[in-house]
Every structure is written in C-alpha cells, then in structure tokens.
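As provided, target15.cif (mmCIF, C-alpha atoms, pLDDT in the B column; chains and numbers go by the auth columns) reads as follows.
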```
data_upload
loop_
_atom_site.group_PDB
_atom_site.id
_atom_site.type_symbol
_atom_site.label_atom_id
_atom_site.label_comp_id
_atom_site.label_asym_id
_atom_site.label_seq_id
_atom_site.Cartn_x
_atom_site.Cartn_y
_atom_site.Cartn_z
_atom_site.B_iso_or_equiv
_atom_site.auth_seq_id
_atom_site.auth_asym_id
ATOM 1 C CA MET A 1 -16.538 16.367 0.431 93.00 17 A
ATOM 2 C CA ASP A 2 -13.657 14.356 -0.984 96.00 18 A
ATOM 3 C CA ALA A 3 -13.636 10.809 0.486 98.00 19 A
ATOM 4 C CA ILE A 4 -9.961 10.905 1.429 98.00 20 A
ATOM 5 C CA VAL A 5 -10.380 14.308 3.093 98.00 21 A
ATOM 6 C CA LEU A 6 -13.331 12.920 5.065 98.00 22 A
ATOM 7 C CA LEU A 7 -11.335 9.871 6.198 98.00 23 A
ATOM 8 C CA ARG A 8 -8.381 12.058 7.177 98.00 24 A
ATOM 9 C CA GLU A 9 -10.717 14.257 9.222 98.00 25 A
ATOM 10 C CA ASP A 10 -11.925 11.138 11.027 98.00 26 A
ATOM 11 C CA HIS A 11 -8.293 10.234 11.697 98.00 27 A
ATOM 12 C CA LYS A 12 -7.668 13.707 13.167 98.00 28 A
ATOM 13 C CA THR A 13 -10.772 13.489 15.368 98.00 29 A
ATOM 14 C CA VAL A 14 -9.619 10.175 16.816 98.00 30 A
ATOM 15 C CA GLU A 15 -6.055 11.417 17.293 98.00 31 A
ATOM 16 C CA LYS A 16 -7.377 14.380 19.313 98.00 32 A
ATOM 17 C CA LEU A 17 -9.298 11.948 21.516 98.00 33 A
ATOM 18 C CA PHE A 18 -6.152 9.849 21.962 98.00 34 A
ATOM 19 C CA LYS A 19 -4.180 12.906 23.054 98.00 35 A
ATOM 20 C CA ARG A 20 -6.918 13.845 25.519 98.00 36 A
ATOM 21 C CA PHE A 21 -6.802 10.324 26.938 98.00 37 A
ATOM 22 C CA GLU A 22 -3.008 10.431 27.234 98.00 38 A
ATOM 23 C CA LYS A 23 -3.275 13.645 29.282 97.00 39 A
ATOM 24 C CA THR A 24 -5.621 12.111 31.846 97.00 40 A
ATOM 25 C CA SER A 25 -4.354 11.049 35.229 95.00 41 A
ATOM 26 C CA ASP A 26 -5.070 7.729 36.889 92.00 42 A
ATOM 27 C CA ASP A 27 -7.697 9.531 39.006 95.00 43 A
ATOM 28 C CA ASP A 28 -9.687 10.715 35.956 96.00 44 A
ATOM 29 C CA LEU A 29 -11.756 7.554 35.585 97.00 45 A
ATOM 30 C CA THR A 30 -14.924 9.345 34.472 97.00 46 A
ATOM 31 C CA GLU A 31 -12.993 11.315 31.852 98.00 47 A
ATOM 32 C CA ARG A 32 -11.239 8.155 30.626 97.00 48 A
ATOM 33 C CA ARG A 33 -14.572 6.354 30.269 98.00 49 A
ATOM 34 C CA GLN A 34 -16.084 9.286 28.358 98.00 50 A
ATOM 35 C CA ILE A 35 -13.115 9.519 25.984 98.00 51 A
ATOM 36 C CA ALA A 36 -13.055 5.751 25.471 98.00 52 A
ATOM 37 C CA ASP A 37 -16.773 5.800 24.621 98.00 53 A
ATOM 38 C CA GLU A 38 -16.188 8.548 22.052 98.00 54 A
ATOM 39 C CA VAL A 39 -13.258 6.595 20.579 98.00 55 A
ATOM 40 C CA ILE A 40 -15.376 3.441 20.393 98.00 56 A
ATOM 41 C CA GLU A 41 -18.126 5.223 18.473 97.00 57 A
ATOM 42 C CA GLU A 42 -15.784 7.131 16.149 97.00 58 A
ATOM 43 C CA LEU A 43 -13.697 4.086 15.243 97.00 59 A
ATOM 44 C CA THR A 44 -16.693 1.786 14.865 97.00 60 A
ATOM 45 C CA VAL A 45 -18.348 4.174 12.406 97.00 61 A
ATOM 46 C CA HIS A 46 -15.057 4.793 10.605 97.00 62 A
ATOM 47 C CA ALA A 47 -14.246 1.098 10.182 95.00 63 A
ATOM 48 C CA TRP A 48 -17.797 0.483 8.932 95.00 64 A
ATOM 49 C CA ILE A 49 -17.743 3.155 6.218 96.00 65 A
ATOM 50 C CA GLU A 50 -14.278 2.179 5.073 95.00 66 A
ATOM 51 C CA GLU A 51 -15.130 -1.509 4.765 94.00 67 A
ATOM 52 C CA GLN A 52 -18.609 -1.061 3.309 94.00 68 A
ATOM 53 C CA VAL A 53 -17.910 1.762 0.859 96.00 69 A
ATOM 54 C CA PHE A 54 -14.352 3.043 0.572 97.00 70 A
ATOM 55 C CA TYR A 55 -12.309 -0.151 0.414 96.00 71 A
ATOM 56 C CA PRO A 56 -14.400 -1.816 -2.312 96.00 72 A
ATOM 57 C CA ALA A 57 -14.283 1.379 -4.420 96.00 73 A
ATOM 58 C CA ALA A 58 -10.542 1.805 -3.843 95.00 74 A
ATOM 59 C CA ARG A 59 -9.860 -1.816 -4.719 94.00 75 A
ATOM 60 C CA GLU A 60 -11.793 -1.482 -7.964 95.00 76 A
ATOM 61 C CA ALA A 61 -10.159 1.812 -8.962 95.00 77 A
ATOM 62 C CA ALA A 62 -6.628 0.927 -7.832 94.00 78 A
ATOM 63 C CA PRO A 63 -6.179 -2.876 -7.924 94.00 79 A
ATOM 64 C CA ASP A 64 -2.524 -2.459 -6.912 92.00 80 A
ATOM 65 C CA THR A 65 -3.754 -1.418 -3.447 90.00 81 A
ATOM 66 C CA THR A 66 -5.490 -4.757 -2.805 92.00 82 A
ATOM 67 C CA ASP A 67 -2.783 -6.021 -0.421 93.00 83 A
ATOM 68 C CA HIS A 68 -2.992 -2.782 1.595 91.00 84 A
ATOM 69 C CA ILE A 69 -6.774 -3.048 1.723 93.00 85 A
ATOM 70 C CA LEU A 70 -6.720 -6.666 2.880 93.00 86 A
ATOM 71 C CA GLU A 71 -4.201 -5.798 5.592 93.00 87 A
ATOM 72 C CA SER A 72 -6.351 -2.847 6.633 93.00 88 A
ATOM 73 C CA ILE A 73 -9.404 -5.069 6.973 93.00 89 A
ATOM 74 C CA GLU A 74 -7.433 -7.356 9.298 93.00 90 A
ATOM 75 C CA GLU A 75 -6.226 -4.345 11.279 93.00 91 A
ATOM 76 C CA HIS A 76 -9.859 -3.228 11.598 93.00 92 A
ATOM 77 C CA HIS A 77 -10.797 -6.658 12.870 93.00 93 A
ATOM 78 C CA ALA A 78 -8.207 -6.409 15.656 94.00 94 A
ATOM 79 C CA VAL A 79 -9.219 -2.832 16.508 95.00 95 A
ATOM 80 C CA VAL A 80 -12.949 -3.592 16.596 94.00 96 A
ATOM 81 C CA TRP A 81 -12.261 -6.581 18.838 94.00 97 A
ATOM 82 C CA MET A 82 -10.369 -4.316 21.271 96.00 98 A
ATOM 83 C CA LEU A 83 -13.193 -1.761 21.087 97.00 99 A
ATOM 84 C CA SER A 84 -15.734 -4.430 22.011 95.00 100 A
ATOM 85 C CA GLU A 85 -13.640 -5.340 25.058 96.00 101 A
ATOM 86 C CA LEU A 86 -13.181 -1.707 26.094 97.00 102 A
ATOM 87 C CA LYS A 87 -16.904 -1.084 25.782 95.00 103 A
ATOM 88 C CA ASP A 88 -17.674 -3.372 28.724 93.00 104 A
ATOM 89 C CA MET A 89 -14.516 -2.738 30.737 97.00 105 A
ATOM 90 C CA GLU A 90 -14.521 -0.489 33.774 97.00 106 A
ATOM 91 C CA PRO A 91 -11.970 2.357 33.623 97.00 107 A
ATOM 92 C CA SER A 92 -10.825 1.236 37.079 96.00 108 A
ATOM 93 C CA ASP A 93 -9.782 -2.148 35.631 96.00 109 A
ATOM 94 C CA GLU A 94 -5.998 -2.366 35.756 94.00 110 A
ATOM 95 C CA ARG A 95 -5.976 -3.356 32.053 97.00 111 A
ATOM 96 C CA PHE A 96 -8.138 -0.457 30.817 97.00 112 A
ATOM 97 C CA LYS A 97 -5.333 2.062 30.284 97.00 113 A
ATOM 98 C CA ALA A 98 -3.051 -0.622 28.802 97.00 114 A
ATOM 99 C CA LYS A 99 -5.758 -1.722 26.359 97.00 115 A
ATOM 100 C CA MET A 100 -6.315 1.890 25.290 98.00 116 A
ATOM 101 C CA SER A 101 -2.556 2.278 24.772 98.00 117 A
ATOM 102 C CA VAL A 102 -2.384 -0.800 22.546 97.00 118 A
ATOM 103 C CA LEU A 103 -5.460 0.404 20.661 98.00 119 A
ATOM 104 C CA MET A 104 -3.820 3.798 20.092 98.00 120 A
ATOM 105 C CA GLU A 105 -0.613 2.194 18.811 98.00 121 A
ATOM 106 C CA ASN A 106 -2.549 -0.011 16.388 97.00 122 A
ATOM 107 C CA VAL A 107 -4.737 2.808 15.102 98.00 123 A
ATOM 108 C CA ARG A 108 -1.808 5.185 14.672 98.00 124 A
ATOM 109 C CA HIS A 109 0.061 2.542 12.669 96.00 125 A
ATOM 110 C CA HIS A 110 -3.031 1.907 10.536 96.00 126 A
ATOM 111 C CA VAL A 111 -3.570 5.631 9.887 97.00 127 A
ATOM 112 C CA GLU A 112 0.061 6.134 8.917 96.00 128 A
ATOM 113 C CA GLU A 113 -0.071 3.296 6.399 94.00 129 A
ATOM 114 C CA GLU A 114 -3.328 4.505 4.883 94.00 130 A
ATOM 115 C CA GLU A 115 -2.343 8.142 4.618 95.00 131 A
ATOM 116 C CA GLN A 116 1.228 7.669 3.450 95.00 132 A
ATOM 117 C CA ASP A 117 1.276 4.360 1.601 90.00 133 A
ATOM 118 C CA TRP A 118 -1.933 4.057 -0.306 91.00 134 A
ATOM 119 C CA PHE A 119 -4.245 7.078 -0.133 95.00 135 A
ATOM 120 C CA PRO A 120 -2.022 8.815 -2.727 95.00 136 A
ATOM 121 C CA ASP A 121 -2.430 5.852 -5.113 94.00 137 A
ATOM 122 C CA VAL A 122 -6.192 5.818 -4.599 95.00 138 A
ATOM 123 C CA ARG A 123 -6.378 9.589 -5.139 96.00 139 A
ATOM 124 C CA LYS A 124 -4.476 9.274 -8.399 95.00 140 A
ATOM 125 C CA ALA A 125 -6.623 6.367 -9.610 96.00 141 A
ATOM 126 C CA MET A 126 -9.983 7.922 -8.716 96.00 142 A
ATOM 127 C CA GLY A 127 -9.643 11.626 -9.392 94.00 143 A
ATOM 128 C CA ARG A 128 -11.477 14.519 -7.783 95.00 144 A
ATOM 129 C CA ASN A 129 -15.009 13.917 -9.106 97.00 145 A
ATOM 130 C CA ARG A 130 -15.124 10.243 -8.141 97.00 146 A
ATOM 131 C CA LEU A 131 -13.653 11.006 -4.691 97.00 147 A
ATOM 132 C CA THR A 132 -16.251 13.733 -4.113 97.00 148 A
ATOM 133 C CA GLU A 133 -19.044 11.381 -5.141 97.00 149 A
ATOM 134 C CA LEU A 134 -17.617 8.699 -2.852 97.00 150 A
ATOM 135 C CA GLY A 135 -17.267 11.223 -0.016 97.00 151 A
ATOM 136 C CA ASP A 136 -20.976 12.036 -0.263 97.00 152 A
ATOM 137 C CA ARG A 137 -21.734 8.335 -0.029 97.00 153 A
ATOM 138 C CA LEU A 138 -19.461 7.954 3.012 98.00 154 A
ATOM 139 C CA GLU A 139 -21.257 10.834 4.755 97.00 155 A
ATOM 140 C CA GLY A 140 -24.582 9.118 4.125 97.00 156 A
ATOM 141 C CA GLU A 141 -23.286 5.792 5.428 96.00 157 A
ATOM 142 C CA LYS A 142 -21.991 7.446 8.603 97.00 158 A
ATOM 143 C CA LYS A 143 -25.582 8.201 9.566 95.00 159 A
ATOM 144 C CA LYS A 144 -26.558 4.529 9.182 94.00 160 A
ATOM 145 C CA ALA A 145 -23.369 2.958 10.535 95.00 161 A
ATOM 146 C CA PRO A 146 -23.439 0.940 13.759 95.00 162 A
ATOM 147 C CA ARG A 147 -22.090 2.610 16.881 94.00 163 A
ATOM 148 C CA ASP A 148 -21.595 -0.662 18.747 92.00 164 A
ATOM 149 C CA PRO A 149 -18.455 -2.577 17.732 93.00 165 A
ATOM 150 C CA LEU A 150 -20.269 -5.885 18.201 85.00 166 A
ATOM 151 C CA ALA A 151 -22.664 -4.855 15.410 82.00 167 A
ATOM 152 C CA VAL A 152 -19.834 -4.611 12.860 77.00 168 A
ATOM 153 C CA PRO A 153 -20.177 -7.752 10.697 68.00 169 A
ATOM 154 C CA SER A 154 -16.480 -8.165 9.956 55.00 170 A
ATOM 155 C CA ALA A 155 -15.658 -8.317 13.652 42.00 171 A
ATOM 156 C CA ALA A 156 -18.585 -10.485 14.628 39.00 172 A
ATOM 157 C CA SER A 157 -18.169 -13.034 11.861 41.00 173 A
ATOM 158 C CA LYS A 158 -14.410 -13.627 11.839 38.00 174 A
#
```
As structure tokens, please, write out the structure in this file.
Amino acid sequence: MDAIVLLREDHKTVEKLFKRFEKTSDDDLTERRQIADEVIEELTVHAWIEEQVFYPAAREAAPDTTDHILESIEEHHAVVWMLSELKDMEPSDERFKAKMSVLMENVRHHVEEEEQDWFPDVRKAMGRNRLTELGDRLEGEKKKAPRDPLAVPSAASK
C-alpha cells in the first residue's frame, strides 16, 4: 500500500474515533475511556511510524519539506505528552473531556497541514513505486510500534 494512503487511512480512523467521542454524553464514562484508549493506541503507533520511517524518507526525497517535518515532530511531541496524561486520567476527572478536546484540535490541525501542505510535495518527489515500498515498511513497523505513549522515544527524551 502507498505510504501516504496508509497515513491518510490512519487519519480517518482517528477522526472516526474523535466523532464517536464527541457524540458521547457526560454519563458515558465507560465509552469515553474505551474511545480514549483506542485513540491513545492509534496515535502512538501513528506518531512512531511517521517519525521512525516516513519523516526521514520524506525529508531525504523532498528537502523542501524539512520545516514541515520539524514542525510535525514538535506537534507529535505535544500530542504524545497529552496521550500519556490521558492514559492515566479517569474519565470522571473534570479535565478529561477538555483534554480530549484539545487533543482533537491539535491532531486535526496536524492532519490538515500534512494532507494539504506537504503530502502532495512528498508524493511528487517520491513517486508511486517508492511510496509503495515505504508503505510496506510502515505496515511492518506498525506491528513493532509501541502502544504506550511513554515508550515513544521522542516524547520521553524531550
């Protein structure tokens, strides 16, 4: 599968979880916890494969995207930090819903920038064969990627 298609599918999966969360009521604490746990795992894996595989390849193929990539890494750092807080937070905590809302805003902004501002440049620079090869590598890395945000080196070391 094409790397950019794979990353966009991840984005869609997370967006569906966000919409499910937004539809919950304040009484749906179990549902909120379950959705948050799914979001934590999806975004942790996604950030890992992007930083370990996709970003270095994109930076090499399309050096003009370096500023976007560096900004994305910092956005990941903030997101993974929020994920690590959500992981240990009770859904009954008065800040739980607010933290999820801020997380959703940050991720939606990040996705918009990636998909609109620099994925097209990366696609042009890499071409179909390279993106397919990279997509296969991303799929392999997903299986090995950490599920716990505290295990993501960029978040733990910065």
> Expanded to explicit residues, what is the PyMOL selection byres ((chain A and resi 92) around 9) for this file, as a list in words?
Replying inline: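 Applying the expression gives Ala63, Glu67, Glu87, Ser88, Ile89, Glu90, Glu91, His93, Ala94, Val95, Val96, Trp97, Val123, His126, Ser170 and Ala171 of chain A.
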>> Running the PyMOL selection byres ((chain A and resi 34-49) around 10) on this model by hand, what would come out? Give it as a VMD selection string.
In response: chain A and resid 28 to 33 50 to 55 102 to 103 105 to 109 112 to 113 116 to 117 119 to 121 123 to 124
Atoms kept (C-alpha atoms) for selection, written as a compact mmCIF listing (two decimals), keeping the file's coordinate frame:
```txt
# COMPACT_ATOMS: atom_id res chain seq x y z
CA LYS A 28 -7.67 13.71 13.17
CA THR A 29 -10.77 13.49 15.37
CA VAL A 30 -9.62 10.18 16.82
CA GLU A 31 -6.06 11.42 17.29
CA LYS A 32 -7.38 14.38 19.31
CA LEU A 33 -9.30 11.95 21.52
CA GLN A 50 -16.08 9.29 28.36
CA ILE A 51 -13.12 9.52 25.98
CA ALA A 52 -13.06 5.75 25.47
CA ASP A 53 -16.77 5.80 24.62
CA GLU A 54 -16.19 8.55 22.05
CA VAL A 55 -13.26 6.60 20.58
CA LEU A 102 -13.18 -1.71 26.09
CA LYS A 103 -16.90 -1.08 25.78
CA MET A 105 -14.52 -2.74 30.74
CA GLU A 106 -14.52 -0.49 33.77
CA PRO A 107 -11.97 2.36 33.62
CA SER A 108 -10.82 1.24 37.08
CA ASP A 109 -9.78 -2.15 35.63
CA PHE A 112 -8.14 -0.46 30.82
CA LYS A 113 -5.33 2.06 30.28
CA MET A 116 -6.32 1.89 25.29
CA SER A 117 -2.56 2.28 24.77
CA LEU A 119 -5.46 0.40 20.66
CA MET A 120 -3.82 3.80 20.09
CA GLU A 121 -0.61 2.19 18.81
CA VAL A 123 -4.74 2.81 15.10
CA ARG A 124 -1.81 5.18 14.67
```
> Given the choices A:Lys160, A:His125, A:His62, A:Arg139, which gets closest to Arg75 (chain A) if the distance is worked out from only C-alpha atoms?
Replying inline: A:Arg139
> Taking into account all atoms listed in the file, which residue in the set A:Ala77, A:Tyr71, A:His27, A:Glu66 is nearest to Lys140 (chain A)?
Replying inline: A:Ala77
>> With distances taken over only C-alpha atoms, which residue among A:Arg146, A:Ile85, A:Glu76, A:Asp26 lies nearest Glu57 (chain A)?
In response: A:Asp26
>> as a list in words, please: the residues near Lys158 (chain A) (cut-off 9 Å, all atoms listed in the file, same-chain neighbours under 6 positions excluded).
In response: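 Close residues of Lys158 (chain A): Val61, His62, Trp64 and Ile65 of chain A.
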Please save C-alpha atoms of the selected residues as a PDB file, in the coordinates of the input.
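The resulting result-v1.pdb:
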```
ATOM      1  CA  VAL A  61     -18.348   4.174  12.406  1.00 97.00           C
ATOM      2  CA  HIS A  62     -15.057   4.793  10.605  1.00 97.00           C
ATOM      3  CA  TRP A  64     -17.797   0.483   8.932  1.00 95.00           C
ATOM      4  CA  ILE A  65     -17.743   3.155   6.218  1.00 96.00           C
TER       5      ILE A  65
END
```
>> Under the rule that only C-alpha atoms are counted, which of A:Thr148, A:Gln68, A:Thr60, A:Thr82 is the nearest residue to Ser100 (chain A)?
In response: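 Ranking A:Thr148, A:Gln68, A:Thr60, A:Thr82 by distance to Ser100 (chain A), first place goes to A:Thr60.
Distance-wise, CA of Val21 (chain A) and CA of Val168 (chain A) end up 23.3 Å apart.
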>> Let me make sure I understand: among A:Met142, A:Val69, A:Val127, A:Leu147, which one has the smallest atom-to-atom distance to Ala19 (chain A) if we use only C-alpha atoms?
In response: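 For Ala19 (chain A), the nearest of the candidates is A:Leu147.
Comparing the minimum interatomic distances between Leu99 (chain A) and each of A:Leu150, A:Leu86, A:Val118, A:Val138, counting only C-alpha atoms, we find that A:Val118 sits nearest.
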> Separation of CA of Ala141 (chain A) and CA of Ala161 (chain A), in Å?
Replying inline: 26.4 Å
> So what do you get for CA of Asp164 (chain A) versus CA of Glu130 (chain A), distance-wise?
Replying inline: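 Rounded to one decimal, the two atoms are 23.5 Å apart.
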Kindly provide, as lines of an AutoDock Vina configuration file, the centre and edge lengths (Å, one decimal) of an axis-aligned box around all atoms of region 118-137 of chain A given in the file, with 6 Å on each side.
```
center_x = -2.1
center_y = 4.0
center_z = 8.7
size_x = 18.7
size_y = 21.6
size_z = 39.7
```
Taking the block just given, write region 125-137 of chain A to a file that holds N, CA and C atoms, as a PDB file, in the first residue's frame.
```
ATOM      1  N   HIS A 125      -5.546  19.812  13.303  1.00  0.00           N
ATOM      2  CA  HIS A 125      -4.664  20.820  12.696  1.00  0.00           C
ATOM      3  C   HIS A 125      -3.468  20.131  12.038  1.00  0.00           C
ATOM      4  N   HIS A 126      -2.861  19.203  12.736  1.00  0.00           N
ATOM      5  CA  HIS A 126      -1.703  18.467  12.235  1.00  0.00           C
ATOM      6  C   HIS A 126      -2.051  17.702  10.952  1.00  0.00           C
ATOM      7  N   VAL A 127      -3.178  17.015  10.962  1.00  0.00           N
ATOM      8  CA  VAL A 127      -3.622  16.238   9.801  1.00  0.00           C
ATOM      9  C   VAL A 127      -3.855  17.159   8.602  1.00  0.00           C
ATOM     10  N   GLU A 128      -4.503  18.274   8.842  1.00  0.00           N
ATOM     11  CA  GLU A 128      -4.775  19.217   7.756  1.00  0.00           C
ATOM     12  C   GLU A 128      -3.476  19.707   7.119  1.00  0.00           C
ATOM     13  N   GLU A 129      -2.516  20.069   7.940  1.00  0.00           N
ATOM     14  CA  GLU A 129      -1.229  20.526   7.403  1.00  0.00           C
ATOM     15  C   GLU A 129      -0.536  19.431   6.601  1.00  0.00           C
ATOM     16  N   GLU A 130      -0.502  18.226   7.155  1.00  0.00           N
ATOM     17  CA  GLU A 130       0.159  17.131   6.444  1.00  0.00           C
ATOM     18  C   GLU A 130      -0.519  16.876   5.105  1.00  0.00           C
ATOM     19  N   GLU A 131      -1.818  16.688   5.143  1.00  0.00           N
ATOM     20  CA  GLU A 131      -2.533  16.271   3.936  1.00  0.00           C
ATOM     21  C   GLU A 131      -2.590  17.354   2.870  1.00  0.00           C
ATOM     22  N   GLN A 132      -2.729  18.594   3.284  1.00  0.00           N
ATOM     23  CA  GLN A 132      -2.875  19.668   2.298  1.00  0.00           C
ATOM     24  C   GLN A 132      -1.566  20.343   1.936  1.00  0.00           C
ATOM     25  N   ASP A 133      -0.690  20.536   2.924  1.00  0.00           N
ATOM     26  CA  ASP A 133       0.506  21.341   2.682  1.00  0.00           C
ATOM     27  C   ASP A 133       1.707  20.564   2.181  1.00  0.00           C
ATOM     28  N   TRP A 134       1.908  19.342   2.696  1.00  0.00           N
ATOM     29  CA  TRP A 134       3.145  18.720   2.244  1.00  0.00           C
ATOM     30  C   TRP A 134       3.071  17.302   1.736  1.00  0.00           C
ATOM     31  N   PHE A 135       1.999  16.556   1.969  1.00  0.00           N
ATOM     32  CA  PHE A 135       1.884  15.244   1.336  1.00  0.00           C
ATOM     33  C   PHE A 135       1.967  15.347  -0.189  1.00  0.00           C
ATOM     34  N   PRO A 136       1.329  16.352  -0.804  1.00  0.00           N
ATOM     35  CA  PRO A 136       1.449  16.445  -2.278  1.00  0.00           C
ATOM     36  C   PRO A 136       2.900  16.612  -2.741  1.00  0.00           C
ATOM     37  N   ASP A 137       3.691  17.386  -2.016  1.00  0.00           N
ATOM     38  CA  ASP A 137       5.106  17.566  -2.381  1.00  0.00           C
ATOM     39  C   ASP A 137       5.884  16.262  -2.222  1.00  0.00           C
TER      40      ASP A 137
END
```
